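Everything below belongs to query_15.cif, which stores mmCIF, C-alpha atoms and all ligand atoms.
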```cif
data_coords
loop_
_atom_site.label_atom_id
_atom_site.label_comp_id
_atom_site.auth_asym_id
_atom_site.auth_seq_id
_atom_site.Cartn_x
_atom_site.Cartn_y
_atom_site.Cartn_z
CA MET A 1258 -30.16 26.80 20.19
CA ARG A 1259 -31.85 29.66 21.91
CA PHE A 1260 -33.50 27.27 24.38
CA ASN A 1261 -30.13 25.64 25.16
CA SER A 1262 -28.56 29.00 25.79
CA LEU A 1263 -31.37 29.96 28.11
CA LEU A 1264 -31.12 26.67 29.98
CA PHE A 1265 -27.37 27.11 30.35
CA PHE A 1266 -27.85 30.65 31.62
CA LEU A 1267 -30.46 29.54 34.16
CA LEU A 1268 -28.39 26.60 35.40
CA PHE A 1269 -25.30 28.73 35.70
CA THR A 1270 -27.14 31.45 37.59
CA VAL A 1271 -28.84 29.05 39.99
CA SER A 1272 -25.65 27.16 40.73
CA GLY A 1273 -23.84 30.48 41.08
CA PHE A 1274 -26.27 31.59 43.74
CA THR A 1275 -26.19 28.32 45.67
CA GLN A 1276 -22.43 28.11 45.75
CA THR A 1277 -21.23 29.47 49.05
CA SER A 1278 -18.33 31.85 49.27
CA ASP A 1279 -16.46 29.04 51.08
CA SER A 1280 -16.63 26.66 48.16
CA LEU A 1281 -15.65 29.47 45.80
CA THR A 1282 -12.58 30.18 47.92
CA LEU A 1283 -11.70 26.48 48.01
CA GLU A 1284 -11.92 26.40 44.22
CA LYS A 1285 -9.61 29.39 44.07
CA ILE A 1286 -7.14 27.66 46.38
CA TYR A 1287 -7.15 24.48 44.27
CA GLY A 1288 -6.88 26.54 41.07
CA GLU A 1289 -3.89 28.43 42.39
CA VAL A 1290 -2.03 25.37 43.68
CA LEU A 1291 -2.75 23.11 40.69
CA GLY A 1292 -2.00 25.91 38.26
CA SER A 1293 1.41 26.68 39.74
CA SER A 1294 4.47 24.42 39.85
CA SER A 1295 5.93 26.32 42.80
CA CYS A 1296 5.48 23.49 45.29
CA TYR A 1297 7.02 20.84 43.01
CA ASP A 1298 9.83 23.18 41.89
CA ASN A 1299 10.71 23.88 45.52
CA LEU A 1300 10.89 20.14 46.20
CA ARG A 1301 13.20 19.66 43.22
CA VAL A 1302 15.57 22.35 44.48
CA LEU A 1303 15.54 21.03 48.05
CA CYS A 1304 16.17 17.43 46.91
CA LYS A 1305 18.56 18.04 44.03
CA THR A 1306 20.69 20.96 45.19
CA ILE A 1307 20.81 20.09 48.91
CA GLY A 1308 19.69 16.47 49.09
CA HIS A 1309 19.52 14.61 52.39
CA ARG A 1310 19.92 16.82 55.45
CA LEU A 1311 20.36 15.12 58.80
CA ALA A 1312 20.10 17.55 61.72
CA GLY A 1313 23.56 18.68 62.78
CA SER A 1314 24.98 18.30 59.26
CA PRO A 1315 26.20 21.03 56.86
CA GLN A 1316 23.36 19.96 54.52
CA ALA A 1317 20.83 20.83 57.23
CA ASP A 1318 22.48 24.27 57.54
CA ALA A 1319 22.04 24.66 53.77
CA ALA A 1320 18.38 23.59 54.00
CA ILE A 1321 17.75 26.16 56.75
CA SER A 1322 19.23 28.94 54.58
CA TRP A 1323 17.25 27.72 51.57
CA ALA A 1324 13.98 27.67 53.55
CA GLU A 1325 14.58 31.15 54.97
CA ASN A 1326 15.38 32.55 51.50
CA THR A 1327 12.36 30.82 49.95
CA ALA A 1328 10.06 32.32 52.61
CA LEU A 1329 11.66 35.75 52.06
CA ALA A 1330 11.27 35.42 48.29
CA ASN A 1331 7.55 34.75 48.82
CA ASP A 1332 7.29 38.01 50.72
CA PHE A 1333 5.69 36.58 53.87
CA ASP A 1334 4.97 39.23 56.51
CA THR A 1335 7.51 37.84 58.97
CA VAL A 1336 10.39 35.39 58.48
CA TYR A 1337 12.69 34.38 61.32
CA LEU A 1338 14.81 31.58 62.75
CA MET A 1339 14.36 29.91 66.15
CA PRO A 1340 17.55 28.36 67.64
CA VAL A 1341 17.33 24.64 68.49
CA SER A 1342 19.97 22.40 70.09
CA VAL A 1343 20.41 19.26 67.96
CA PRO A 1344 22.53 16.10 68.22
CA ARG A 1345 25.24 15.34 65.70
CA TRP A 1346 25.89 11.86 64.40
CA GLU A 1347 27.80 10.88 61.28
CA ARG A 1348 27.45 7.70 59.28
CA GLY A 1349 31.08 7.80 58.12
CA PHE A 1350 32.28 6.30 54.88
CA THR A 1351 32.51 2.62 55.66
CA GLU A 1352 29.44 0.40 55.71
CA ARG A 1353 30.22 -3.18 54.78
CA ALA A 1354 28.57 -6.45 55.60
CA SER A 1355 28.80 -10.01 54.39
CA PHE A 1356 27.85 -13.48 55.50
CA VAL A 1357 29.88 -16.64 55.18
CA LEU A 1358 28.54 -20.01 54.06
CA GLY A 1359 31.21 -22.71 53.89
CA ASN A 1360 33.86 -21.25 51.58
CA ASP A 1361 31.58 -18.56 50.12
CA THR A 1362 31.35 -14.96 51.26
CA VAL A 1363 28.25 -13.04 50.18
CA ALA A 1364 28.31 -9.23 50.45
CA LEU A 1365 25.06 -7.41 51.09
CA PRO A 1366 24.02 -3.75 51.42
CA ILE A 1367 23.46 -2.46 54.94
CA ARG A 1368 22.75 0.90 56.55
CA ALA A 1369 23.80 1.78 60.09
CA LEU A 1370 20.87 2.77 62.29
CA GLY A 1371 20.96 6.42 63.33
CA GLY A 1372 22.84 6.81 66.60
CA SER A 1373 24.71 3.50 66.33
CA VAL A 1374 28.31 3.22 67.47
CA GLY A 1375 30.90 2.12 64.91
CA THR A 1376 32.45 -1.34 64.85
CA GLN A 1377 36.10 -0.29 65.55
CA GLY A 1378 37.36 -2.63 62.82
CA VAL A 1379 35.38 -5.68 61.76
CA VAL A 1380 32.90 -7.30 64.14
CA GLN A 1381 32.08 -10.90 63.37
CA GLY A 1382 30.15 -13.72 64.88
CA GLU A 1383 27.64 -16.46 64.34
CA ILE A 1384 24.13 -15.23 63.70
CA VAL A 1385 21.34 -15.93 66.10
CA MET A 1386 17.96 -15.10 64.54
CA ALA A 1387 14.81 -14.05 66.40
CA ARG A 1388 11.41 -13.02 65.05
CA SER A 1389 10.72 -10.55 67.84
CA ILE A 1390 12.23 -8.95 70.94
CA GLU A 1391 10.18 -11.38 73.07
CA GLU A 1392 11.63 -14.37 71.23
CA LEU A 1393 15.13 -12.95 71.70
CA ARG A 1394 14.59 -12.57 75.45
CA GLU A 1395 13.41 -16.17 75.71
CA MET A 1396 16.63 -17.39 74.09
CA GLY A 1397 18.59 -16.12 77.08
CA ARG A 1398 22.24 -15.30 77.52
CA GLU A 1399 23.72 -18.75 76.78
CA LYS A 1400 22.35 -18.75 73.24
CA VAL A 1401 23.10 -15.11 72.47
CA ALA A 1402 26.40 -14.11 74.16
CA GLY A 1403 29.24 -13.44 71.72
CA LYS A 1404 26.92 -13.67 68.70
CA ILE A 1405 25.33 -11.25 66.23
CA VAL A 1406 21.61 -10.95 66.80
CA PHE A 1407 19.41 -10.84 63.68
CA LEU A 1408 15.95 -9.44 64.44
CA ASN A 1409 13.84 -10.62 61.53
CA LYS A 1410 10.43 -9.17 62.32
CA PRO A 1411 8.45 -8.13 59.23
CA MET A 1412 5.88 -5.34 59.27
CA ASN A 1413 2.39 -6.83 59.35
CA ALA A 1414 1.27 -6.80 55.71
CA LEU A 1415 -2.34 -7.52 56.69
CA LEU A 1416 -2.82 -4.09 58.24
CA ILE A 1417 -4.32 -1.61 55.76
CA ASN A 1418 -2.92 1.26 57.83
CA THR A 1419 0.79 0.92 57.08
CA GLY A 1420 1.60 3.35 59.90
CA ALA A 1421 0.15 0.82 62.34
CA ALA A 1422 2.26 -1.92 60.71
CA TYR A 1423 5.34 0.28 61.15
CA GLY A 1424 4.44 0.91 64.79
CA GLY A 1425 4.12 -2.83 65.35
CA ALA A 1426 7.67 -3.57 64.18
CA PHE A 1427 9.33 -0.36 65.38
CA ASP A 1428 10.69 -1.91 68.59
CA ILE A 1429 13.32 -4.00 66.75
CA ARG A 1430 14.89 -0.78 65.45
CA SER A 1431 14.54 1.42 68.53
CA GLN A 1432 15.41 -1.10 71.27
CA GLY A 1433 16.80 -4.13 69.45
CA ALA A 1434 20.47 -3.33 70.06
CA SER A 1435 19.92 -2.70 73.79
CA GLU A 1436 17.99 -5.96 74.21
CA ALA A 1437 20.70 -7.87 72.31
CA ALA A 1438 23.50 -6.20 74.32
CA ARG A 1439 21.81 -7.20 77.59
CA LEU A 1440 22.24 -10.82 76.54
CA GLY A 1441 25.90 -10.31 75.57
CA ALA A 1442 25.54 -10.00 71.78
CA VAL A 1443 28.36 -8.22 69.87
CA ALA A 1444 26.15 -6.55 67.23
CA CYS A 1445 22.52 -6.35 66.15
CA ILE A 1446 21.14 -6.39 62.62
CA ILE A 1447 17.47 -5.92 61.80
CA ARG A 1448 15.15 -6.48 58.88
CA SER A 1449 14.31 -3.04 57.45
CA LEU A 1450 10.98 -1.52 58.41
CA THR A 1451 9.37 -1.63 54.97
CA LEU A 1452 6.62 -3.47 53.13
CA ALA A 1453 8.57 -3.40 49.85
CA ASP A 1454 10.34 -6.49 48.58
CA ASP A 1455 13.63 -5.02 47.42
CA ARG A 1456 17.28 -4.49 48.29
CA TYR A 1457 17.13 -1.02 49.89
CA PRO A 1458 18.07 -1.01 53.58
CA HIS A 1459 16.13 1.56 55.65
CA THR A 1460 17.78 3.48 58.46
CA GLY A 1461 16.09 5.36 61.32
CA ALA A 1462 16.63 6.33 64.93
CA MET A 1463 17.79 3.92 67.60
CA SER A 1464 19.05 4.60 71.10
CA TYR A 1465 20.85 2.71 73.84
CA ALA A 1466 19.45 1.99 77.28
CA GLU A 1467 21.67 3.41 80.04
CA ASP A 1468 22.57 0.02 81.52
CA VAL A 1469 23.98 -1.66 78.39
CA VAL A 1470 27.24 -1.89 76.46
CA LYS A 1471 26.75 0.01 73.18
CA ILE A 1472 26.90 -2.48 70.31
CA PRO A 1473 26.70 -1.61 66.59
CA ALA A 1474 23.26 -1.76 64.94
CA ALA A 1475 22.37 -1.84 61.24
CA ALA A 1476 19.49 -2.66 58.88
CA LEU A 1477 19.36 -5.18 56.03
CA SER A 1478 16.96 -4.88 53.10
CA SER A 1479 13.82 -7.02 53.20
CA ALA A 1480 15.07 -9.22 50.34
CA ASP A 1481 18.42 -9.85 52.02
CA ALA A 1482 16.73 -10.49 55.36
CA TYR A 1483 14.67 -13.18 53.65
CA THR A 1484 17.74 -14.80 52.04
CA LEU A 1485 19.65 -14.72 55.30
CA SER A 1486 16.73 -16.18 57.24
CA GLN A 1487 16.53 -19.12 54.80
CA HIS A 1488 20.21 -19.92 55.42
CA CYS A 1489 19.93 -19.41 59.18
CA ALA A 1490 17.05 -21.90 59.32
CA LYS A 1491 19.30 -24.59 57.79
CA GLU A 1492 22.82 -24.07 59.04
CA PRO A 1493 25.12 -21.89 61.17
CA VAL A 1494 25.90 -18.62 59.39
CA ARG A 1495 28.79 -16.27 60.23
CA PHE A 1496 28.28 -12.55 59.71
CA LEU A 1497 30.86 -9.77 59.30
CA LEU A 1498 30.09 -6.11 59.88
CA GLU A 1499 32.18 -2.96 59.51
CA MET A 1500 30.92 0.60 60.07
CA ASN A 1501 32.67 3.77 61.19
CA CYS A 1502 29.74 5.91 62.33
CA LYS A 1503 30.32 8.27 65.22
CA SER A 1504 28.58 10.78 67.52
CA TYR A 1505 29.79 14.34 68.16
CA PRO A 1506 28.81 17.07 70.66
CA ARG A 1507 25.46 18.79 70.13
CA THR A 1508 25.26 21.89 67.98
CA THR A 1509 22.74 24.69 67.29
CA GLN A 1510 20.48 24.78 64.25
CA TYR A 1511 17.11 26.43 63.61
CA ASN A 1512 13.39 26.06 63.08
CA VAL A 1513 12.46 28.28 60.13
CA ILE A 1514 9.28 30.32 60.62
CA GLY A 1515 7.28 32.43 58.17
CA GLU A 1516 3.97 34.21 58.85
CA LEU A 1517 1.01 35.92 57.23
CA LYS A 1518 -0.21 38.33 59.91
CA GLY A 1519 -3.85 38.10 60.97
CA SER A 1520 -6.00 41.16 60.34
CA THR A 1521 -8.47 41.01 63.24
CA LEU A 1522 -7.17 38.20 65.51
CA PRO A 1523 -3.38 38.37 65.01
CA GLU A 1524 -2.71 36.89 68.48
CA GLU A 1525 -4.37 33.62 67.49
CA TYR A 1526 -2.13 31.29 65.50
CA ILE A 1527 -2.84 28.60 62.95
CA VAL A 1528 0.33 26.61 62.29
CA VAL A 1529 1.15 24.54 59.21
CA GLY A 1530 4.35 22.57 59.20
CA GLY A 1531 6.64 19.73 58.31
CA HIS A 1532 10.21 18.86 59.22
CA LEU A 1533 13.18 20.26 57.39
CA ASP A 1534 15.65 17.56 58.44
CA SER A 1535 15.73 14.08 56.91
CA TRP A 1536 17.76 10.93 57.38
CA ASP A 1537 21.21 11.06 55.82
CA ILE A 1538 20.56 8.83 52.80
CA GLY A 1539 18.34 9.37 49.78
CA GLU A 1540 16.97 12.91 49.34
CA GLY A 1541 14.31 13.16 52.06
CA ALA A 1542 11.71 13.75 49.33
CA HIS A 1543 8.60 12.15 50.87
CA ASP A 1544 10.03 12.36 54.41
CA ASP A 1545 9.59 15.22 54.78
CA GLY A 1546 10.55 17.44 51.85
CA ALA A 1547 6.91 17.08 50.77
CA GLY A 1548 5.58 18.47 54.06
CA VAL A 1549 8.08 21.35 53.92
CA VAL A 1550 7.16 22.53 50.42
CA GLN A 1551 3.43 21.99 51.05
CA SER A 1552 3.58 24.15 54.19
CA ILE A 1553 5.34 26.94 52.28
CA GLU A 1554 2.76 26.52 49.49
CA VAL A 1555 -0.14 27.03 51.93
CA LEU A 1556 1.06 30.57 52.71
CA ARG A 1557 2.10 31.30 49.13
CA CYS A 1558 -1.27 30.32 47.69
CA LEU A 1559 -3.38 32.13 50.31
CA LYS A 1560 -1.38 35.26 49.59
CA ALA A 1561 -1.60 34.72 45.82
CA ILE A 1562 -5.41 34.50 45.84
CA GLY A 1563 -5.51 37.70 47.89
CA TYR A 1564 -6.89 36.06 51.03
CA GLN A 1565 -6.61 38.29 54.09
CA PRO A 1566 -6.55 35.96 57.12
CA LYS A 1567 -8.23 36.97 60.38
CA ARG A 1568 -5.75 34.94 62.41
CA THR A 1569 -1.98 34.73 61.96
CA ILE A 1570 -1.05 31.84 59.66
CA ARG A 1571 2.36 30.53 60.60
CA CYS A 1572 4.48 28.09 58.61
CA VAL A 1573 6.93 26.24 60.87
CA LEU A 1574 9.68 24.13 59.31
CA PHE A 1575 10.98 22.09 62.23
CA ILE A 1576 14.59 20.96 62.56
CA ASN A 1577 15.39 17.48 63.84
CA GLU A 1578 12.20 15.50 63.93
CA GLU A 1579 14.09 12.35 63.03
CA PHE A 1580 16.53 12.05 65.87
CA GLY A 1581 14.88 13.38 69.01
CA ASN A 1582 12.16 15.86 67.93
CA ASP A 1583 14.20 18.81 69.19
CA GLY A 1584 12.53 21.28 66.80
CA GLY A 1585 9.01 20.36 67.93
CA ILE A 1586 9.89 20.31 71.64
CA THR A 1587 11.72 23.66 71.47
CA TYR A 1588 8.91 25.23 69.47
CA ALA A 1589 6.27 24.18 72.04
CA GLU A 1590 8.48 25.53 74.88
CA GLN A 1591 8.71 28.88 73.10
CA VAL A 1592 4.94 28.95 72.57
CA ARG A 1593 4.43 28.47 76.33
CA LEU A 1594 7.08 31.06 77.23
CA ARG A 1595 5.53 33.64 74.89
CA ASN A 1596 2.05 32.65 76.00
CA GLU A 1597 0.91 32.36 72.37
CA TYR A 1598 -2.55 30.97 71.75
CA HIS A 1599 -2.33 28.23 69.16
CA PHE A 1600 -5.75 27.79 67.71
CA ALA A 1601 -4.80 24.88 65.45
CA ALA A 1602 -1.71 23.12 64.06
CA ILE A 1603 -1.64 21.06 60.87
CA GLU A 1604 1.27 18.80 59.95
CA SER A 1605 2.15 16.95 56.78
CA ASP A 1606 4.60 14.11 57.48
CA GLY A 1607 3.14 11.05 55.79
CA GLY A 1608 4.70 11.61 52.36
CA GLY A 1609 3.58 13.53 49.28
CA PHE A 1610 0.83 11.06 48.37
CA SER A 1611 -2.85 11.60 47.48
CA PRO A 1612 -4.58 13.25 50.42
CA ARG A 1613 -7.65 11.52 51.86
CA GLY A 1614 -8.59 13.85 54.71
CA PHE A 1615 -7.30 14.76 58.15
CA ASN A 1616 -6.59 13.02 61.42
CA LEU A 1617 -7.46 14.98 64.50
CA GLU A 1618 -6.24 15.06 68.09
CA GLY A 1619 -8.50 17.36 70.06
CA SER A 1620 -11.77 17.78 71.94
CA ASP A 1621 -15.24 16.61 70.91
CA GLY A 1622 -15.93 20.21 69.88
CA HIS A 1623 -12.87 20.22 67.62
CA PHE A 1624 -13.97 16.96 66.07
CA GLU A 1625 -17.50 18.20 65.43
CA ARG A 1626 -16.15 21.31 63.76
CA LEU A 1627 -13.77 19.33 61.56
CA ASN A 1628 -16.66 17.09 60.53
CA SER A 1629 -18.79 20.13 59.69
CA PHE A 1630 -16.27 20.95 56.93
CA ARG A 1631 -16.79 17.54 55.35
CA SER A 1632 -19.35 18.55 52.68
CA LEU A 1633 -17.09 21.40 51.52
CA LEU A 1634 -14.01 19.17 51.29
CA GLU A 1635 -15.54 16.00 49.84
CA PRO A 1636 -15.70 17.41 46.27
CA PHE A 1637 -11.89 17.60 46.43
CA GLY A 1638 -11.53 13.94 47.35
CA LEU A 1639 -11.16 14.56 51.09
CA TYR A 1640 -13.47 12.21 52.96
CA GLN A 1641 -11.52 10.77 55.90
CA PHE A 1642 -11.98 12.79 59.06
CA LYS A 1643 -10.96 10.63 61.95
CA ARG A 1644 -9.52 10.87 65.39
CA GLY A 1645 -5.91 9.79 65.12
CA TRP A 1646 -2.25 10.68 65.07
CA SER A 1647 -1.45 14.22 63.90
CA GLY A 1648 2.33 14.48 63.70
CA VAL A 1649 5.56 14.21 65.70
CA ASP A 1650 6.57 17.87 65.35
CA ILE A 1651 3.26 19.32 66.54
CA ALA A 1652 2.61 16.66 69.21
CA PRO A 1653 4.35 18.74 71.98
CA LEU A 1654 1.74 21.51 71.35
CA LYS A 1655 -0.96 19.22 72.68
CA ASN A 1656 -3.37 20.91 75.10
CA GLU A 1657 -7.15 21.12 75.36
CA ARG A 1658 -7.38 24.40 73.42
CA THR A 1659 -5.36 23.46 70.32
CA ALA A 1660 -6.76 21.31 67.50
CA LEU A 1661 -3.91 19.12 66.17
CA CYS A 1662 -4.49 17.90 62.61
CA GLY A 1663 -2.41 15.56 60.48
CA LEU A 1664 -2.80 15.49 56.71
CA SER A 1665 -3.98 11.95 56.06
CA VAL A 1666 -2.69 10.49 52.79
CA ASP A 1667 -2.73 7.17 50.97
CA THR A 1668 -0.09 5.32 53.01
CA GLN A 1669 0.39 2.20 50.89
CA ARG A 1670 3.76 3.15 49.33
CA TYR A 1671 5.21 5.39 52.03
CA PHE A 1672 7.37 2.74 53.69
CA ASP A 1673 8.79 1.66 50.31
CA TYR A 1674 10.75 4.94 50.38
CA HIS A 1675 10.90 6.00 54.04
CA HIS A 1676 14.47 6.48 55.40
CA SER A 1677 16.12 4.80 52.39
CA ASP A 1678 18.21 5.72 49.35
CA ASN A 1679 14.97 5.34 47.41
CA ASP A 1680 13.32 8.42 49.00
CA ARG A 1681 14.08 10.61 45.97
CA PHE A 1682 12.39 13.48 44.17
CA GLU A 1683 11.53 11.24 41.20
CA ASN A 1684 9.32 9.15 43.46
CA VAL A 1685 7.05 12.06 44.36
CA ASN A 1686 4.11 12.71 42.02
CA LYS A 1687 3.62 16.38 41.23
CA ARG A 1688 -0.16 16.32 41.29
CA GLU A 1689 -0.45 14.29 44.48
CA LEU A 1690 1.99 16.68 46.18
CA GLN A 1691 -0.05 19.70 45.04
CA LEU A 1692 -3.34 18.16 46.16
CA GLY A 1693 -1.89 17.74 49.66
CA ALA A 1694 -0.87 21.42 49.76
CA ALA A 1695 -4.31 22.53 48.54
CA ALA A 1696 -6.01 20.33 51.16
CA MET A 1697 -3.93 21.94 53.94
CA ALA A 1698 -4.60 25.45 52.63
CA SER A 1699 -8.32 24.69 52.45
CA LEU A 1700 -8.41 23.52 56.06
CA VAL A 1701 -6.43 26.57 57.17
CA TYR A 1702 -8.95 28.79 55.38
CA LEU A 1703 -11.98 27.03 56.90
CA ILE A 1704 -10.51 27.10 60.42
CA ASP A 1705 -9.63 30.78 60.03
CA GLN A 1706 -13.19 31.57 58.89
CA HIS A 1707 -15.22 29.32 61.18
CA GLY A 1708 -13.01 28.53 64.16
CA THR A 1709 -12.15 25.14 65.58
CA GLU A 1710 -15.25 24.51 67.69
ZN ZN B 1801 9.09 12.47 58.75
#
```
Is it possible to give me this structure as C-alpha cells?
Ligand SMILES: [Zn+2]
Amino acid sequence: MRFNSLLFFLLFTVSGFTQTSDSLTLEKIYGEVLGSSSCYDNLRVLCKTIGHRLAGSPQADAAISWAENTALANDFDTVYLMPVSVPRWERGFTERASFVLGNDTVALPIRALGGSVGTQGVVQGEIVMARSIEELREMGREKVAGKIVFLNKPMNALLINTGAAYGGAFDIRSQGASEAARLGAVACIIRSLTLADDRYPHTGAMSYAEDVVKIPAAALSSADAYTLSQHCAKEPVRFLLEMNCKSYPRTTQYNVIGELKGSTLPEEYIVVGGHLDSWDIGEGAHDDGAGVVQSIEVLRCLKAIGYQPKRTIRCVLFINEEFGNDGGITYAEQVRLRNEYHFAAIESDGGGFSPRGFNLEGSDGHFERLNSFRSLLEPFGLYQFKRGWSGVDIAPLKNERTALCGLSVDTQRYFDYHHSDNDRFENVNKRELQLGAAAMASLVYLIDQHGTE
C-alpha cells in the first residue's frame, strides 16, 4: 500500500513537471467548455426562439439583437454592430410542384432556390433531363426551348471530402437556370446538393447572368429526383411548378462584434467567427448556428478560465454569408480602412460535427507554426493540419500577413442537413459542438502565446 502510494506520488510529480503550461491551459479550456452547457444552450435559443434567419428578414434582425445581448451578457470588453448592406429576397407562401404521367398527377416537395423569380401563376412544360450543364448545352435550343430543364447531377459519392463533392455539383444550382434560359427553357429544376437519400429538398443561392431571361429555379429532393429520372428515361413527363418568391430593395443589417482586449499587443487581432444568417428553411443549426455559438464560446471560456490575452481576441458574427457574402466583404473593407493588423482569423462553417483539426490558407511560415502545435492538440483528437479552404466569411481578409484557419470537422453528414428543413437543433450533438468550440479556443490561445510564424 505504502509502495503504491509512493509510486503514485512519484508518477504524479514527474508528469506534473513535464506537462507544459500550454497543455495545462488547453486542459483548462477543454474542462471549461465540456463542463458548461453554455454553447449548446445558446444554440437552442437561437434555433428555437428565432429559427431560420435569412439576411434581410425580420428573423435576421432578431438574431442580431440576440447575438448583441448574448455578447453583452458575457461581459466582453467591447460589443458593437457594424452596418452591412444586404439583399432581400422572400420565398413567399406558395411552393407547389407535380408531374403528370398519363392520367396521374404526382405532387412532390420542392424548394425555390434563393434569388429565383416567381412563376407568376403556374409554369408547365415537358421535362428535358440532363446530367450536367455540359450535357444540357449539347442538347441545343431545339430540344430545350419551351421546356422545363431538369438538371439531375448527383454529388460524387466516391469523394471522401464531401465539400469537394458539393463543389463538383454546385454549378447546377448557381448557373443552371441561366444556362437553361439561354436555350429557351421556361423553368429549371435541379437535384438537391446532398448525399442523403431522402425527401428533403435543399435550397441555396443562385443568380442570373445579365444576358438571360430570368426563369424560375427550384430544387427537388434526391429521392424525388431519382423517381423523376426513372420516368423521364421511359416516357415524356409533364411538370407543373408554382412559386411566388420575390426580390425587394436592399436593406441594412449588421455584423455583430465582441472583443476581449489584448493586454500587451491590443492592436493585433485574432478573429474567431461564423455567420449569423442562414437559409430561410429549417433552423440554421449546423449552418451556421454552430459556428456562431462556438465563436461566442471561445471568448466566454477564455474569460472564464481567467486567461489574459496579449492580443485582442475578436468574435465576429457575419451577416449574409449565404447570399453574397456581404458581411465578410464589408468587414474586410473596414479592416483595411482602419488599418487593423489581423494576425489570424479562424472560422467555423462546416457544421457542429467532431473536429479533426484545421485547414490553413497562409504562408509556409504560417503552416510551419500551425504544424508545431500538432503535439499539443493531438491528445484532444485534433490531427489534421492541412493547407485548404478556411471559410467564406474570412476569405476577403486574405493577405500575406494573416493566417486564415478553418475548423476542419467530420464532413460526412453535413450535406444531409445543409440548407434544408432538416438543419435543426436536434441534429446537432452537444459534445461534438463543444469539442469544436474548445478546439477553436485552443488554437486562439496557442496563436496568442506563440504567434503565427
Ligand atoms: Zn454556412
Per residue of segment 1274-1365 of chain A within 9 Å of segment 1580-1604 of chain A, record the nearest atom pair and its distance in Å to one decimal, counting all atoms listed in the file, with rows in chain order and ascending residue number, as a tab-separated table.
```
residue	atom	partner	partner_atom	distance
A:Leu1311	CA	A:Phe1580	CA	8.6
A:Ala1312	CA	A:Phe1580	CA	7.8
A:Met1339	CA	A:Tyr1588	CA	7.9
A:Pro1340	CA	A:Thr1587	CA	8.4
A:Val1341	CA	A:Gly1584	CA	6.1
A:Ser1342	CA	A:Asp1583	CA	6.9
A:Val1343	CA	A:Asp1583	CA	6.3
A:Pro1344	CA	A:Phe1580	CA	7.6
```
Worksheet entry | Shell of 9 Å around Leu1452 of chain A, all atoms listed in the file, local chain residues under 6 positions omitted, as a list in words | Pro1411, Met1412, Asn1413, Ala1414, Thr1419, Ala1422, Tyr1423, Ser1479, Gln1669, Arg1670, Phe1672 and Asp1673 of chain A
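With only C-alpha atoms and all ligand atoms as the basis for measurement, A:Ala1542 is the residue among A:Leu1633, A:Ala1542, A:Ala1387, A:Cys1296 that approaches ligand ZN 1801 (chain B) most closely.
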Worksheet entry | Of the listed residues A:Leu1627, A:Val1379, A:Val1701, A:Val1649, that which approaches ligand ZN 1801 (chain B) most closely, counting all atoms listed in the file |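 Smallest separation from ligand ZN 1801 (chain B) among the options: A:Val1649.
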Would you give the centre and edge lengths, in Å to one decimal, of a box along x, y and z around the listed atoms of segment 1394-1408 of chain A, with 8 Å added to each side, as lines of an AutoDock Vina configuration file?
```
center_x = 21.3
center_y = -14.1
center_z = 70.6
size_x = 31.8
size_y = 25.3
size_z = 29.8
```
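Considering only C-alpha atoms and all ligand atoms, every residue of the polymer chains approaching ligand ZN 1801 (chain B) to 10 Å or closer is listed here: Gly1531, His1532, Leu1533, Asp1534, Ser1535, Trp1536, Gly1541, Ala1542, His1543, Asp1544, Asp1545, Gly1546, Ala1547, Gly1548, Asn1577, Glu1578, Glu1579, Ser1605, Asp1606, Gly1607, Gly1608, Gly1648, Val1649, Asp1650, His1675 and His1676 of chain A.
Note that the spacing between atom CA of Phe1615 of chain A and atom CA of Cys1662 of chain A amounts to 6.1 Å.
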Worksheet entry | From A:Ala1694, A:Met1396, A:Ile1429, A:Leu1415, residue lying nearest Ser1665 of chain A [all atoms listed in the file] | A:Ala1694
Discussion item. At a cut-off of 9 Å, using all atoms listed in the file, what residues contact Lys1305 of chain A? Leave out same-chain residues fewer than 6 positions from it and give the result as a PyMOL selection string.
Written reply: chain A and resi 1540+1681-1682
Item to complete: Find the distance between atom CA of Asn1679 of chain A and atom CA of Ile1538 of chain A and write it in Å to one decimal.
Response: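 Separation between atom CA of Asn1679 of chain A and atom CA of Ile1538 of chain A: 8.5 Å.
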Worksheet item: Counting all atoms listed in the file, what is within 6 Å of segment 1684-1693 of chain A, bar same-chain residues fewer than 2 positions away, as a list of chain:residue names?
Response: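 Here the answer would be A:Tyr1297, A:Gly1609, A:Phe1610, A:Ser1611, A:Pro1612, A:Arg1681, A:Phe1682, A:Ala1695, A:Ala1696.
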Item to complete: Find, counting all atoms listed in the file, the residue in A:Ser1486, A:Ser1699, A:Asn1331, A:Thr1451 that gets nearest to Ala1426 of chain A.
Response: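 So, comparing all the options, the nearest one is A:Thr1451.
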Worksheet entry | Residue with smallest distance to Thr1508 of chain A - pool A:Glu1284, A:Asp1279, A:Asp1298, A:Asp1318, counting only C-alpha atoms |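 Selected residue with least distance to Thr1508 of chain A: A:Asp1318.
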Discussion item. Using Å and a single decimal, report how far atom CA of Cys1304 of chain A sits from atom CA of Met1500 of chain A.
Written reply: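 Rounded to one decimal, the two atoms are 26.0 Å apart.
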